[in-house]
Every structure is written in structure tokens, then in C-alpha cells.
file structure-v1.json (JSON, C-alpha atoms and all ligand atoms)
[["chain", "number", "residue", "atom", "x", "y", "z"],
["I", 1, "MET", "CA", 29.93, 169.52, -20.47],
["I", 2, "PRO", "CA", 33.15, 171.16, -19.32],
["I", 3, "GLU", "CA", 34.71, 169.29, -16.41],
["I", 4, "LEU", "CA", 37.52, 170.32, -14.06],
["I", 5, "PRO", "CA", 40.30, 170.25, -16.71],
["I", 6, "GLU", "CA", 38.28, 172.33, -19.18],
["I", 7, "VAL", "CA", 37.21, 174.88, -16.55],
["I", 8, "GLU", "CA", 40.79, 175.09, -15.25],
["I", 9, "THR", "CA", 42.04, 175.73, -18.79],
["I", 10, "ILE", "CA", 39.49, 178.53, -19.20],
["I", 11, "ARG", "CA", 40.47, 179.98, -15.81],
["I", 12, "ALA", "CA", 44.17, 179.94, -16.68],
["I", 13, "GLN", "CA", 43.54, 181.83, -19.93],
["I", 14, "LEU", "CA", 41.14, 184.37, -18.41],
["I", 15, "ALA", "CA", 43.22, 185.17, -15.32],
["I", 16, "PRO", "CA", 46.05, 187.17, -16.96],
["I", 17, "ARG", "CA", 43.63, 189.20, -19.10],
["I", 18, "LEU", "CA", 41.09, 189.93, -16.32],
["I", 19, "THR", "CA", 43.03, 190.23, -13.08],
["I", 20, "GLY", "CA", 43.45, 193.85, -11.96],
["I", 21, "ARG", "CA", 41.04, 195.15, -14.59],
["I", 22, "THR", "CA", 37.94, 197.21, -13.86],
["I", 23, "LEU", "CA", 34.58, 196.18, -15.31],
["I", 24, "ALA", "CA", 33.92, 199.37, -17.29],
["I", 25, "ARG", "CA", 30.65, 198.06, -18.68],
["I", 26, "VAL", "CA", 28.65, 194.91, -18.01],
["I", 27, "GLU", "CA", 25.94, 193.82, -20.40],
["I", 28, "ILE", "CA", 23.85, 190.75, -19.59],
["I", 29, "LEU", "CA", 21.65, 189.76, -22.50],
["I", 30, "ASP", "CA", 19.82, 186.66, -21.23],
["I", 31, "PRO", "CA", 17.56, 186.72, -18.16],
["I", 32, "ARG", "CA", 18.09, 182.97, -17.66],
["I", 33, "LEU", "CA", 21.73, 183.60, -16.82],
["I", 34, "THR", "CA", 21.01, 185.43, -13.55],
["I", 35, "ARG", "CA", 17.55, 184.27, -12.54],
["I", 36, "PRO", "CA", 15.90, 184.53, -10.10],
["I", 37, "PHE", "CA", 17.80, 187.84, -9.97],
["I", 38, "ASP", "CA", 17.16, 190.65, -12.40],
["I", 39, "LEU", "CA", 19.83, 190.88, -15.10],
["I", 40, "PHE", "CA", 19.99, 194.69, -14.95],
["I", 41, "GLU", "CA", 20.48, 194.66, -11.18],
["I", 42, "VAL", "CA", 23.26, 192.08, -11.47],
["I", 43, "ALA", "CA", 24.97, 194.07, -14.23],
["I", 44, "GLU", "CA", 24.75, 197.21, -12.10],
["I", 45, "GLU", "CA", 26.24, 195.42, -9.09],
["I", 46, "LEU", "CA", 29.25, 194.35, -11.17],
["I", 47, "GLU", "CA", 29.84, 197.53, -13.15],
["I", 48, "GLY", "CA", 32.71, 199.67, -11.85],
["I", 49, "ASP", "CA", 34.11, 196.87, -9.69],
["I", 50, "ARG", "CA", 37.66, 195.59, -10.15],
["I", 51, "ILE", "CA", 38.63, 191.92, -10.60],
["I", 52, "THR", "CA", 41.26, 190.84, -8.08],
["I", 53, "ALA", "CA", 41.45, 187.13, -8.92],
["I", 54, "VAL", "CA", 40.05, 184.46, -11.23],
["I", 55, "GLU", "CA", 39.77, 181.17, -9.36],
["I", 56, "ARG", "CA", 38.12, 177.78, -9.82],
["I", 57, "ARG", "CA", 36.23, 175.51, -7.45],
["I", 58, "GLY", "CA", 35.08, 172.19, -8.93],
["I", 59, "LYS", "CA", 33.37, 173.17, -12.16],
["I", 60, "TYR", "CA", 32.75, 176.76, -11.01],
["I", 61, "LEU", "CA", 34.70, 179.83, -12.08],
["I", 62, "VAL", "CA", 35.06, 182.38, -9.27],
["I", 63, "LEU", "CA", 35.76, 186.02, -10.14],
["I", 64, "ARG", "CA", 36.76, 187.88, -6.98],
["I", 65, "LEU", "CA", 36.11, 191.61, -6.91],
["I", 66, "VAL", "CA", 37.75, 194.36, -4.89],
["I", 67, "SER", "CA", 34.40, 195.28, -3.29],
["I", 68, "GLY", "CA", 34.32, 191.84, -1.65],
["I", 69, "LEU", "CA", 31.67, 190.53, -4.02],
["I", 70, "VAL", "CA", 32.29, 187.40, -6.07],
["I", 71, "LEU", "CA", 30.83, 186.41, -9.42],
["I", 72, "LEU", "CA", 30.28, 182.66, -9.48],
["I", 73, "VAL", "CA", 29.96, 181.25, -13.02],
["I", 74, "HIS", "CA", 28.85, 177.72, -13.87],
["I", 75, "LEU", "CA", 29.19, 176.86, -17.57],
["I", 76, "ARG", "CA", 26.89, 173.81, -17.40],
["I", 77, "MET", "CA", 26.52, 172.23, -20.87],
["I", 78, "THR", "CA", 27.78, 174.77, -23.37],
["I", 79, "GLY", "CA", 28.94, 177.95, -21.60],
["I", 80, "SER", "CA", 32.27, 179.40, -22.73],
["I", 81, "PHE", "CA", 34.28, 182.62, -22.70],
["I", 82, "GLY", "CA", 36.08, 184.32, -25.56],
["I", 83, "PHE", "CA", 37.53, 187.62, -26.68],
["I", 84, "ASP", "CA", 36.00, 187.79, -30.14],
["I", 85, "PRO", "CA", 32.41, 188.55, -31.17],
["I", 86, "VAL", "CA", 30.45, 185.31, -31.55],
["I", 87, "THR", "CA", 26.94, 184.02, -32.03],
["I", 88, "HIS", "CA", 24.86, 183.09, -28.97],
["I", 89, "GLU", "CA", 26.37, 185.90, -26.86],
["I", 90, "ARG", "CA", 24.68, 185.94, -23.47],
["I", 91, "ALA", "CA", 26.80, 188.55, -21.70],
["I", 92, "VAL", "CA", 29.69, 190.92, -22.35],
["I", 93, "LEU", "CA", 32.22, 192.24, -19.85],
["I", 94, "GLU", "CA", 33.96, 195.32, -21.16],
["I", 95, "LEU", "CA", 37.24, 195.94, -19.32],
["I", 96, "ASP", "CA", 38.89, 199.30, -18.71],
["I", 97, "ASP", "CA", 41.66, 198.46, -21.21],
["I", 98, "GLY", "CA", 39.06, 197.99, -23.96],
["I", 99, "THR", "CA", 39.08, 194.18, -23.86],
["I", 100, "ARG", "CA", 35.70, 192.68, -24.59],
["I", 101, "VAL", "CA", 35.13, 189.41, -22.73],
["I", 102, "VAL", "CA", 32.22, 187.56, -24.28],
["I", 103, "TYR", "CA", 30.20, 184.85, -22.58],
["I", 104, "ARG", "CA", 28.61, 182.46, -25.05],
["I", 105, "ASP", "CA", 26.10, 179.70, -24.30],
["I", 106, "VAL", "CA", 24.18, 177.83, -27.00],
["I", 107, "ARG", "CA", 21.94, 175.78, -24.73],
["I", 108, "ARG", "CA", 21.56, 178.49, -22.05],
["I", 109, "PHE", "CA", 21.95, 176.32, -18.94],
["I", 110, "GLY", "CA", 24.90, 178.33, -17.60],
["I", 111, "THR", "CA", 24.47, 180.52, -14.51],
["I", 112, "TRP", "CA", 25.97, 183.74, -13.15],
["I", 113, "LEU", "CA", 25.47, 184.40, -9.45],
["I", 114, "VAL", "CA", 26.80, 187.36, -7.45],
["I", 115, "LEU", "CA", 27.53, 186.60, -3.79],
["I", 116, "GLU", "CA", 29.10, 188.39, -0.85],
["I", 117, "GLY", "CA", 32.59, 186.99, -0.27],
["I", 118, "ALA", "CA", 31.52, 185.51, 3.06],
["I", 119, "GLU", "CA", 28.66, 183.63, 1.37],
["I", 120, "LEU", "CA", 30.91, 181.83, -1.10],
["I", 121, "GLU", "CA", 32.31, 179.02, 1.07],
["I", 122, "PRO", "CA", 28.97, 178.06, 2.68],
["I", 123, "TYR", "CA", 27.36, 178.09, -0.78],
["I", 124, "LEU", "CA", 30.03, 175.87, -2.33],
["I", 125, "ALA", "CA", 30.35, 173.58, 0.69],
["I", 126, "GLY", "CA", 26.80, 172.36, 0.12],
["I", 127, "LYS", "CA", 27.54, 171.51, -3.50],
["I", 128, "ASN", "CA", 31.22, 170.57, -3.80],
["I", 129, "GLY", "CA", 33.45, 168.08, -2.03],
["I", 130, "PRO", "CA", 37.19, 168.76, -1.66],
["I", 131, "GLU", "CA", 39.25, 169.68, -4.70],
["I", 132, "PRO", "CA", 40.54, 166.37, -6.11],
["I", 133, "LEU", "CA", 43.98, 167.87, -6.80],
["I", 134, "GLY", "CA", 44.19, 169.35, -3.30],
["I", 135, "ALA", "CA", 45.44, 167.90, -0.02],
["I", 136, "ARG", "CA", 41.99, 167.16, 1.43],
["I", 137, "PHE", "CA", 41.12, 164.64, -1.29],
["I", 138, "THR", "CA", 42.57, 161.45, 0.17],
["I", 139, "SER", "CA", 41.79, 157.75, -0.15],
["I", 140, "GLY", "CA", 40.57, 157.88, 3.47],
["I", 141, "TRP", "CA", 38.04, 160.52, 2.55],
["I", 142, "LEU", "CA", 36.96, 158.68, -0.60],
["I", 143, "THR", "CA", 36.62, 155.42, 1.38],
["I", 144, "ALA", "CA", 34.22, 157.12, 3.78],
["I", 145, "GLN", "CA", 32.15, 158.54, 0.92],
["I", 146, "LEU", "CA", 31.93, 155.27, -1.01],
["I", 147, "ALA", "CA", 31.17, 153.16, 2.07],
["I", 148, "ARG", "CA", 27.87, 154.96, 2.60],
["I", 149, "ARG", "CA", 26.59, 154.36, -0.94],
["I", 150, "ARG", "CA", 25.13, 151.31, -2.64],
["I", 151, "ALA", "CA", 24.78, 153.00, -6.05],
["I", 152, "PRO", "CA", 27.15, 151.97, -8.88],
["I", 153, "LEU", "CA", 30.67, 153.28, -8.42],
["I", 154, "LYS", "CA", 30.51, 155.51, -11.51],
["I", 155, "ALA", "CA", 27.28, 157.19, -10.36],
["I", 156, "VAL", "CA", 28.80, 158.02, -6.96],
["I", 157, "LEU", "CA", 31.96, 159.43, -8.57],
["I", 158, "LEU", "CA", 29.83, 161.87, -10.59],
["I", 159, "ASP", "CA", 28.37, 163.33, -7.38],
["I", 160, "GLN", "CA", 30.13, 166.70, -7.05],
["I", 161, "ARG", "CA", 30.02, 166.36, -3.25],
["I", 162, "VAL", "CA", 32.24, 163.28, -3.60],
["I", 163, "VAL", "CA", 34.70, 164.47, -6.27],
["I", 164, "ALA", "CA", 34.35, 168.18, -7.13],
["I", 165, "GLY", "CA", 34.80, 168.83, -10.84],
["I", 166, "LEU", "CA", 34.76, 165.21, -12.00],
["I", 167, "GLY", "CA", 32.33, 164.48, -14.86],
["I", 168, "ASN", "CA", 31.49, 161.77, -17.34],
["I", 169, "ILE", "CA", 34.69, 161.74, -19.39],
["I", 170, "TYR", "CA", 37.29, 161.80, -16.62],
["I", 171, "ALA", "CA", 35.30, 159.40, -14.42],
["I", 172, "ASP", "CA", 35.37, 156.77, -17.19],
["I", 173, "GLU", "CA", 39.06, 157.38, -17.87],
["I", 174, "ALA", "CA", 39.94, 157.15, -14.16],
["I", 175, "LEU", "CA", 37.99, 153.90, -13.69],
["I", 176, "TRP", "CA", 39.81, 152.34, -16.65],
["I", 177, "SER", "CA", 43.18, 153.37, -15.21],
["I", 178, "ALA", "CA", 42.22, 151.97, -11.81],
["I", 179, "ARG", "CA", 40.95, 148.73, -13.48],
["I", 180, "LEU", "CA", 37.59, 149.07, -11.70],
["I", 181, "SER", "CA", 34.19, 148.38, -13.22],
["I", 182, "PRO", "CA", 31.86, 151.40, -13.22],
["I", 183, "LEU", "CA", 29.02, 149.00, -12.37],
["I", 184, "ARG", "CA", 30.44, 147.79, -9.03],
["I", 185, "PRO", "CA", 28.51, 148.83, -5.92],
["I", 186, "ALA", "CA", 30.43, 151.81, -4.52],
["I", 187, "SER", "CA", 30.54, 150.39, -1.00],
["I", 188, "GLY", "CA", 32.23, 147.13, -2.07],
["I", 189, "LEU", "CA", 35.75, 148.42, -2.78],
["I", 190, "SER", "CA", 38.79, 147.22, -0.85],
["I", 191, "THR", "CA", 41.24, 149.67, 0.71],
["I", 192, "GLU", "CA", 43.74, 148.94, -2.04],
["I", 193, "GLU", "CA", 41.12, 149.55, -4.74],
["I", 194, "VAL", "CA", 40.14, 152.93, -3.29],
["I", 195, "ARG", "CA", 43.83, 153.91, -3.19],
["I", 196, "ARG", "CA", 44.16, 153.00, -6.86],
["I", 197, "LEU", "CA", 41.01, 154.95, -7.68],
["I", 198, "THR", "CA", 42.14, 158.05, -5.77],
["I", 199, "ARG", "CA", 45.41, 158.12, -7.70],
["I", 200, "ALA", "CA", 43.64, 157.44, -11.00],
["I", 201, "VAL", "CA", 41.17, 160.31, -10.52],
["I", 202, "ARG", "CA", 44.01, 162.74, -9.86],
["I", 203, "ALA", "CA", 46.05, 161.43, -12.78],
["I", 204, "ALA", "CA", 43.13, 161.64, -15.24],
["I", 205, "LEU", "CA", 42.39, 165.24, -14.25],
["I", 206, "ARG", "CA", 46.07, 166.25, -14.42],
["I", 207, "ARG", "CA", 46.40, 164.75, -17.89],
["I", 208, "GLY", "CA", 43.29, 166.66, -18.95],
["I", 209, "ILE", "CA", 44.72, 169.96, -17.66],
["I", 210, "GLU", "CA", 48.08, 169.33, -19.35],
["I", 211, "ARG", "CA", 46.28, 168.83, -22.68],
["I", 212, "GLN", "CA", 44.03, 171.88, -22.14],
["I", 213, "GLY", "CA", 40.93, 169.73, -21.85],
["I", 214, "SER", "CA", 38.94, 167.71, -24.34],
["I", 215, "THR", "CA", 37.54, 169.36, -27.45],
["I", 216, "LEU", "CA", 34.11, 167.88, -28.03],
["I", 217, "ARG", "CA", 31.18, 169.75, -29.59],
["I", 218, "ASP", "CA", 30.96, 173.22, -28.04],
["I", 219, "TYR", "CA", 34.01, 173.46, -25.84],
["I", 220, "ALA", "CA", 36.54, 176.10, -26.81],
["I", 221, "THR", "CA", 39.19, 177.85, -24.76],
["I", 222, "PRO", "CA", 39.00, 181.68, -24.49],
["I", 223, "ASP", "CA", 41.94, 182.18, -26.85],
["I", 224, "GLY", "CA", 40.27, 179.94, -29.43],
["I", 225, "SER", "CA", 42.76, 177.08, -29.17],
["I", 226, "ALA", "CA", 41.53, 173.50, -28.86],
["I", 227, "GLY", "CA", 42.26, 170.99, -26.12],
["I", 228, "SER", "CA", 43.72, 167.66, -27.21],
["I", 229, "MET", "CA", 42.71, 165.22, -24.47],
["I", 230, "GLN", "CA", 40.16, 163.60, -26.81],
["I", 231, "ASP", "CA", 43.08, 162.15, -28.83],
["I", 232, "GLU", "CA", 44.14, 160.12, -25.80],
["I", 233, "PHE", "CA", 40.88, 158.73, -24.45],
["I", 234, "ARG", "CA", 41.34, 155.14, -23.24],
["I", 235, "VAL", "CA", 37.63, 154.33, -23.10],
["I", 236, "TYR", "CA", 35.38, 157.38, -23.44],
["I", 237, "GLY", "CA", 33.41, 157.17, -26.71],
["I", 238, "ARG", "CA", 35.40, 154.10, -27.89],
["I", 239, "ASP", "CA", 32.70, 151.39, -27.84],
["I", 240, "GLY", "CA", 33.70, 148.43, -30.00],
["I", 241, "GLU", "CA", 37.34, 149.58, -30.27],
["I", 242, "PRO", "CA", 40.05, 147.42, -28.65],
["I", 243, "CYS", "CA", 41.04, 148.06, -25.03],
["I", 244, "ARG", "CA", 44.55, 149.55, -25.03],
["I", 245, "ARG", "CA", 45.55, 147.18, -22.22],
["I", 246, "CYS", "CA", 44.03, 143.80, -23.21],
["I", 247, "GLY", "CA", 42.51, 144.19, -26.69],
["I", 248, "THR", "CA", 38.94, 143.34, -25.63],
["I", 249, "PRO", "CA", 36.32, 145.52, -27.36],
["I", 250, "ILE", "CA", 35.27, 148.45, -25.16],
["I", 251, "ALA", "CA", 31.68, 148.12, -23.94],
["I", 252, "LYS", "CA", 29.08, 150.84, -23.44],
["I", 253, "ALA", "CA", 26.44, 150.90, -20.71],
["I", 254, "ARG", "CA", 24.23, 153.48, -19.05],
["I", 255, "VAL", "CA", 25.06, 154.22, -15.43],
["I", 256, "GLY", "CA", 23.13, 156.84, -13.51],
["I", 257, "GLY", "CA", 21.61, 157.98, -16.79],
["I", 258, "ARG", "CA", 24.99, 158.65, -18.40],
["I", 259, "GLY", "CA", 26.76, 156.89, -21.25],
["I", 260, "THR", "CA", 29.58, 154.86, -19.70],
["I", 261, "TRP", "CA", 32.49, 153.19, -21.48],
["I", 262, "PHE", "CA", 34.64, 150.46, -19.97],
["I", 263, "CYS", "CA", 36.60, 147.30, -20.70],
["I", 264, "PRO", "CA", 34.46, 144.32, -19.64],
["I", 265, "ARG", "CA", 37.58, 142.17, -19.19],
["I", 266, "CYS", "CA", 40.23, 144.15, -17.31],
["I", 267, "GLN", "CA", 37.92, 146.43, -15.27],
["I", 268, "ALA", "CA", 36.67, 144.10, -12.54],
["I", 301, "ZN", "ZN", 40.94, 145.65, -21.13]]
call {"tool": "encode", "arguments": {"input": "structure-v1.json", "output": "C-alpha cells"}}
result
Amino acid sequence: MPELPEVETIRAQLAPRLTGRTLARVEILDPRLTRPFDLFEVAEELEGDRITAVERRGKYLVLRLVSGLVLLVHLRMTGSFGFDPVTHERAVLELDDGTRVVYRDVRRFGTWLVLEGAELEPYLAGKNGPEPLGARFTSGWLTAQLARRRAPLKAVLLDQRVVAGLGNIYADEALWSARLSPLRPASGLSTEEVRRLTRAVRAALRRGIERQGSTLRDYATPDGSAGSMQDEFRVYGRDGEPCRRCGTPIAKARVGGRGTWFCPRCQA
């Protein structure tokens, strides 16, 4: 599933091609994409509008339109954008310069939702905490979130209301960097440990963005290039391989229903 670094990479590649362009034709091919709203009505709402900005909030892409409407896209498991014809096309945005922007989604969990501009913040506020690379994501804020929760640390970090945009890969990588066990009760961290974790979350996400995300299974950037973060994973997917800090074999567990990789020795 694309996480913050992958969605940010997609945003950065879409923005220069889409910003300022009019949606000459909008074709939505899968009713699941817009439900409970009718796909033809959604396409009609978008057609003729002009894109003023392509933004990101957590794992959401936000296309702002000159009419004041916004198109909020969540890629879920396998959603992606491209400029070439592909299989599993679920929607096509035809721009006024002839560019064809294709939305592809093999597993069809992605969503497109049109909102009034004023509805966007209230909608996202219920689902997303502060942006982890922004000024509001502080160790003080994270301390308050963790203190209320007895669930394992990793499970709480995956809650989008705690860290917007963080997912399975970057949570494991951040916990390794912070030398914290994913299995610890979230409320048991010291002030110093939360500080370490806050820095590690930011660092893991920044590294992911710098490497244009992780290329696993279905992820592809709109220009067809591949991210390279997977070449640098410290723990994710490395069970049995030596820890890059202490040499102990990396262990795998399930936390909150998700595969979780960690070093049983140096993550305490
Ligand atoms: Zn280790």
C-alpha cells in the first residue's frame, strides 16, 4: 500500500503536468471508485473544471479545482496514476493539452470523492492527525497520543489519526532507527524515547521521499520510474537476515494484524 513517501512522489510528478490544466473530459469506468455517488454525476461535476493545485494530506491526494471543488483520491492498496494506456484502467482524465491521465487500480479499493472546498478540512480532520513532516507533529503531541493507548506501539503508530501517512513499511523502519520494540505498550515510553521516535518517523519518511518511495508489487510512479527505498530497508521484509546494527537475525511478528519486522536484541 502506498504510504506518505509514495503518495508524495506521485503528487510531485502529477503537479507540473496537471496544475493549470482544464479537465476536458472525465471518464470514470468503475462504480466502486465513487460510490455511494454515481460515477456519471461525479464525472460531470469534474468535467470543464480547472486544476489549480495538486496537494497531499497523509495518504490522500487532493486536486483543487478553480470552482472551489476538490477531488480527494485515496489509492488504498493498488491505486496509481500514469500517462500511458494500461490494463485495469478505472478512470481517465483528459486534459485540455491532450494529456491523458490514467488511474489504474488492480484490487479496486481506491476511492475518488468530490467535496466542496470548505468540507475538506472537517473531513480530513476526522481521519488524519498532523502531517508528520509539518510543524504540528511534535514529541509533545506524540506523547499525548501514546499515553492514552495500551495497544502495542506499532499498532498505535499505524493509526492515521496519530501519524498521518505512516504505514507498515515506514513504521517498522522508524522503530528500528529509534531502537524501540514494536511490541511495547504505547503508553510506556519515556520522554526521551518519544523524542527519538518522533525524529525517527520524520527521518524514515524523508528518506522514502528522497528515494521516490519503495517499489513493491504494484507501486509505480506516474512517469513509470521506480522508487529505490526497498534497497535500503533496515528491517522490513528481512526476517532471518542480520540486523545492520548488531548482527542478530531480524524477527517477524504480527502486530495489529500486520507483518512486523524488528531486531529482538537492539529494539527494546
Ligand atoms: Zn539489532
call {"tool": "closest_residue", "arguments": {"input": "structure-v1.json", "among": "I:Trp261, I:Tyr170, I:Tyr123, I:Tyr103", "to": "I:Met229", "atoms": "all atoms listed in the file"}}
result
I:Tyr170
call {"tool": "residues_around", "arguments": {"input": "structure-v1.json", "residues": "I:Gly134", "least_positions_apart": "2", "cutoff": "12 Å", "atoms": "all atoms listed in the file", "output": "JSON, numbers by chain"}}
result
{"I": [57, 58, 129, 130, 131, 132, 136, 137, 138, 163, 164, 198, 201, 202, 205, 206]}
call {"tool": "residues_near_ligand", "arguments": {"input": "structure-v1.json", "ligand": "ligand ZN 301 (chain I)", "cutoff": "6 Å", "atoms": "all atoms listed in the file", "output": "list of chain:residue names"}}
result
I:Cys243, I:Arg245, I:Cys246, I:Gly247, I:Thr248, I:Cys263, I:Arg265, I:Cys266
call {"tool": "residues_around", "arguments": {"input": "structure-v1.json", "residues": "I:Gly68", "least_positions_apart": "2", "cutoff": "6 Å", "atoms": "only C-alpha atoms", "output": "MDAnalysis selection string"}}
result
chainID I and resid 65:66 117
call {"tool": "atom_distance", "arguments": {"input": "structure-v1.json", "atom1": "atom CA of I:Asp96", "atom2": "atom CA of I:Leu23"}}
result
6.3 Å
call {"tool": "closest_residue", "arguments": {"input": "structure-v1.json", "among": "I:Val194, I:Ala91, I:Met1, I:Leu153", "to": "I:Phe40", "atoms": "only C-alpha atoms"}}
result
I:Ala91
call {"tool": "residues_around", "arguments": {"input": "structure-v1.json", "residues": "I:Gln160", "least_positions_apart": "6", "cutoff": "7 Å", "atoms": "all atoms listed in the file", "output": "VMD selection string"}}
result
chain I and resid 127 to 129 166
